[in-house]
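*Asks:* What follows is a single structure, and I will ask about it in a moment.
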Amino acid sequence: MLRAALLVPGALILGTLVTWAGEPAPQPQVLNLGQVIQAQPKLLKAEAAKVAPHRQGETDIYAIGIAGWPMDVFRKEVDGGLAAIGAVLPIKSRTVRLINHPATVASIPLATEQNFAAAVHAVGGAMDKNNDVLVLLMTSHGDRNGFGLRLPFRTIDLTPNEVAGTLDHEGIKNRIVIVSACFSGIFVPPLQNDNTIVMTAADANHTSFGCAPENDWTYFGDAFFRQALQPGTDFRNAFDHARVLIEGWELMDRAPSSNPQGSFGPALVAKLAPFFGRARTGEGR
């Protein structure tokens, strides 16, 4: 029934009888697919309008959060992950979200490849591209080709080369890219450089765990965002702590190791050090 509904032009049916990738909407509703598509520029413009401009003489931190698959766990993880990042870096009023979920389809732009490029362009227009830092948090299912974007009308992969190419084309120099998905290690080679930190939930050949619909976090999200990333703890130490936690959970589950991957560009590590130093001493951000 779901497959048939998705193939009917102009109709997007959400509710308890027909669901979008297994996730029912909070209340039964019938939405016109054409209206959903037409609403995307307006929704993206409203989301981008919340982004504060660069402050002269400061290093500002911007964030884009993407929940690619319409399951509660990914929507919760992108919100929880952004909150955790906000506790250690000043991303308040400088965050854009793209979410594929029935509960937010009328209020938050979808995570499409076009909206991703537009969000990067909008944030790039607000920031100092040579000095400020962009945090890109992505959580979804993944495969050996890329990061899954499950839409009402199709399912696609956002590939590592597309992500790297979009950021490069926009000219954003300093990037923190966090990918919570199976096989997400494929994102490391195209993105790693002296000015980029990349952290992934798995290597290029293994799945990650914990994406059951009823969960609040995946294993990686729980370990990294909820337990390891605390004020005063930098990304490398938080990532190392998270790897230990995940390895222990996988051993208890007798699951193969997801083997999370991290690449820490030294120039960006040095640039972020004052933020974590201020958090350790209790200074305001």
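To be explicit about the labels: the chains of the structure tokens are called A, B, and onward in the order shown, and within each one the residues are counted from 1, while ligands get numbers from 1 in the order they are shown.
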Which residues come within 7 Å of region 231-245 of chain A, counting only C-alpha atoms, excluding same-chain residues fewer than 4 positions away, as a list of chain:residue names?

*Replies:*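 Skipping anything fewer than 4 positions along the chain leaves A:Ala87, A:Val88, A:Ala223, A:Phe224, A:Trp249, A:Pro260, A:Phe276, A:Gly277, A:Ala279, A:Arg280.
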
*Asks:* Run DSSP on the backbone of this structure and report the residues of region 39-159 of chain A it assigns to strand (DSSP E or B), as a ChimeraX atom specification.

*Replies:* /A:61-67,95-99,133-139,142,147-150,155-158

*Asks:* Write out, as a tab-separated table, each residue of region 58-138 of chain A that has an atom at most 12 Å from region 186-205 of chain A, together with the closest pair of atoms and their distance in Å to one decimal, counting only C-alpha atoms, rows going by chain and rising number.

*Replies:*
```
residue	atom	partner	partner_atom	distance
A:Lys129	CA	A:Asn195	CA	12.0
A:Asn130	CA	A:Asn195	CA	10.3
A:Asn131	CA	A:Asn195	CA	10.6
A:Asp132	CA	A:Asn195	CA	11.2
A:Val133	CA	A:Thr196	CA	9.4
A:Leu134	CA	A:Thr196	CA	9.6
A:Val135	CA	A:Ile197	CA	9.2
A:Leu136	CA	A:Val198	CA	9.5
A:Leu137	CA	A:Met199	CA	9.7
A:Met138	CA	A:Thr200	CA	9.5
```

*Asks:* Quick one: write out the picked residues with N, CA and C atoms as an mmCIF file, in the first residue's frame?

*Replies:*
```cif
data_model
loop_
_atom_site.group_PDB
_atom_site.id
_atom_site.type_symbol
_atom_site.label_atom_id
_atom_site.label_comp_id
_atom_site.auth_asym_id
_atom_site.auth_seq_id
_atom_site.Cartn_x
_atom_site.Cartn_y
_atom_site.Cartn_z
ATOM 1 N N LYS A 129 33.577 32.661 5.332
ATOM 2 C CA LYS A 129 33.932 31.324 4.869
ATOM 3 C C LYS A 129 35.375 30.939 5.159
ATOM 4 N N ASN A 130 36.235 31.909 5.347
ATOM 5 C CA ASN A 130 37.631 31.611 5.621
ATOM 6 C C ASN A 130 37.938 31.478 7.099
ATOM 7 N N ASN A 131 37.086 32.066 7.941
ATOM 8 C CA ASN A 131 37.382 32.093 9.367
ATOM 9 C C ASN A 131 36.392 31.286 10.204
ATOM 10 N N ASP A 132 35.106 31.357 9.884
ATOM 11 C CA ASP A 132 34.097 30.656 10.669
ATOM 12 C C ASP A 132 34.142 29.155 10.407
ATOM 13 N N VAL A 133 33.367 28.408 11.203
ATOM 14 C CA VAL A 133 33.370 26.943 11.140
ATOM 15 C C VAL A 133 31.954 26.443 10.884
ATOM 16 N N LEU A 134 31.809 25.471 10.001
ATOM 17 C CA LEU A 134 30.527 24.824 9.759
ATOM 18 C C LEU A 134 30.554 23.411 10.334
ATOM 19 N N VAL A 135 29.546 23.098 11.150
ATOM 20 C CA VAL A 135 29.321 21.734 11.637
ATOM 21 C C VAL A 135 28.210 21.126 10.794
ATOM 22 N N LEU A 136 28.476 20.000 10.161
ATOM 23 C CA LEU A 136 27.471 19.272 9.393
ATOM 24 C C LEU A 136 27.210 17.947 10.090
ATOM 25 N N LEU A 137 26.010 17.798 10.655
ATOM 26 C CA LEU A 137 25.610 16.572 11.347
ATOM 27 C C LEU A 137 24.589 15.837 10.489
ATOM 28 N N MET A 138 24.890 14.583 10.127
ATOM 29 C CA MET A 138 24.036 13.792 9.255
ATOM 30 C C MET A 138 23.727 12.456 9.929
#
```

*Asks:* So, counting only C-alpha atoms, which residue among A:Ala118, A:Arg144, A:Met127, A:Arg75 is closest to Gly57 (chain A)?

*Replies:*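 Looking at the shortest contact to Gly57 (chain A), the residue is A:Met127.
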
*Asks:* Of the candidates A:Gly165, A:Gly80, A:Pro90, A:Gly124, which one gets nearest to Phe225 (chain A) if we count only C-alpha atoms?

*Replies:*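 Smallest distance to Phe225 (chain A) is found for A:Gly80.
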
*Asks:* Tell me, as a list in words, which residues lie within 10 Å of Val73 (chain A), counting only C-alpha atoms; anything in the same chain fewer than 2 positions away does not count.

*Replies:*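 Near neighbours after the sequence-gap exclusion: Ala67, Trp69, Pro70, Met71, Arg75, Lys76, Glu77, Val78, Thr139, Ser140, Gly210, Cys211, Ala212, Pro213, Glu214, Asn215, Asp216, Trp217, Thr218 and Gly221 of chain A.
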
*Asks:* Could those residues be written to a file, using N, CA and C atoms, as a tab-separated table (two decimals), in the first residue's frame?

*Replies:*
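Okay, part_17.tsv is ready:
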```tsv
chain	number	residue	atom	x	y	z
A	67	ALA	N	18.40	14.86	9.13
A	67	ALA	CA	17.83	13.54	9.43
A	67	ALA	C	17.28	13.00	8.12
A	69	TRP	N	16.17	9.88	7.09
A	69	TRP	CA	15.20	8.80	6.95
A	69	TRP	C	14.04	9.05	7.91
A	70	PRO	N	12.80	8.82	7.48
A	70	PRO	CA	11.64	9.18	8.30
A	70	PRO	C	11.36	8.19	9.43
A	71	MET	N	12.31	8.09	10.35
A	71	MET	CA	12.16	7.30	11.57
A	71	MET	C	12.42	8.21	12.76
A	75	ARG	N	15.24	11.59	13.71
A	75	ARG	CA	14.78	12.94	14.05
A	75	ARG	C	15.23	13.31	15.47
A	76	LYS	N	15.11	12.37	16.39
A	76	LYS	CA	15.55	12.63	17.77
A	76	LYS	C	17.06	12.83	17.83
A	77	GLU	N	17.78	12.01	17.05
A	77	GLU	CA	19.24	12.10	17.12
A	77	GLU	C	19.76	13.42	16.56
A	78	VAL	N	19.14	13.92	15.47
A	78	VAL	CA	19.63	15.19	14.94
A	78	VAL	C	19.35	16.32	15.92
A	139	THR	N	22.44	12.10	10.05
A	139	THR	CA	22.07	10.83	10.64
A	139	THR	C	20.96	10.18	9.81
A	140	SER	N	21.18	8.90	9.46
A	140	SER	CA	20.21	8.19	8.61
A	140	SER	C	20.70	6.75	8.45
A	210	GLY	N	21.84	0.36	16.38
A	210	GLY	CA	21.00	1.14	17.28
A	210	GLY	C	19.92	1.95	16.62
A	211	CYS	N	19.63	1.72	15.33
A	211	CYS	CA	18.67	2.58	14.65
A	211	CYS	C	17.25	2.02	14.69
A	212	ALA	N	16.89	1.30	15.75
A	212	ALA	CA	15.51	0.84	15.90
A	212	ALA	C	14.59	2.04	16.07
A	213	PRO	N	13.39	1.99	15.48
A	213	PRO	CA	12.51	3.17	15.50
A	213	PRO	C	12.22	3.70	16.89
A	214	GLU	N	12.15	2.80	17.89
A	214	GLU	CA	11.76	3.24	19.23
A	214	GLU	C	12.91	3.86	20.02
A	215	ASN	N	14.13	3.81	19.49
A	215	ASN	CA	15.29	4.34	20.21
A	215	ASN	C	15.34	5.87	20.14
A	216	ASP	N	15.96	6.47	21.15
A	216	ASP	CA	16.23	7.90	21.13
A	216	ASP	C	17.54	8.21	20.42
A	217	TRP	N	18.45	7.23	20.40
A	217	TRP	CA	19.77	7.41	19.80
A	217	TRP	C	20.18	6.14	19.08
A	218	THR	N	21.05	6.26	18.09
A	218	THR	CA	21.81	5.13	17.61
A	218	THR	C	22.94	4.88	18.61
A	221	GLY	N	25.32	7.83	18.26
A	221	GLY	CA	24.77	9.06	18.82
A	221	GLY	C	24.76	9.03	20.33
```

*Asks:* Would you kindly return, as a count of residues only, each protein, DNA or RNA residue with an atom no farther than 9 Å from any atom of Phe116 (chain A), considering only C-alpha atoms and excluding same-chain residues fewer than 5 positions away?

*Replies:* 8

*Asks:* Can you tell me which residues surround Ile156 (chain A) at a distance of at most 12 Å, considering only C-alpha atoms, apart from same-chain residues fewer than 4 positions away, and format the answer as a list in words?

*Replies:*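 The residues satisfying every condition are Gly68, Trp69, Ala111, Thr112, Glu113, Gln114, Ser140, His141, Gly142, Asp143, Asn145, Gly146, Phe147, Gly148, Leu149, Arg150, Leu151 and Pro152 of chain A.
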
*Asks:* If DSSP is run on the backbone, what residues of region 60-273 of chain A are alpha helix (DSSP H)? A reply as a PyMOL selection string would be ideal.

*Replies:* chain A and resi 72-86+113-126+160-170+188-191+219-221+235-253+266-273

*Asks:* Which residue is closest to Ile172 (chain A)? Choose from A:Gly81, A:Asp72, A:Val123, A:Ile91 and count only C-alpha atoms.

*Replies:*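 With only C-alpha atoms as the atom set, the closest residue is A:Val123.
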
*Asks:* Between CA of Lys50 (chain A) and CA of Val120 (chain A), what is the distance, to one decimal in Å?

*Replies:*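 It comes out at 14.1 Å.
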
*Asks:* Which neighbours of Ser93 (chain A) fall inside 12 Å, counting only C-alpha atoms, when residues of the same chain fewer than 4 positions from it are skipped, and could you give them as number ranges by chain?

*Replies:* A: 47-54, 60-64, 82, 86, 89, 97, 123, 126

*Asks:* Of the candidates A:Ala255, A:Val105, A:Ala228, A:Ala39, which shows the shortest atom-to-atom distance to Ala84 (chain A), using only C-alpha atoms?

*Replies:* A:Ala228
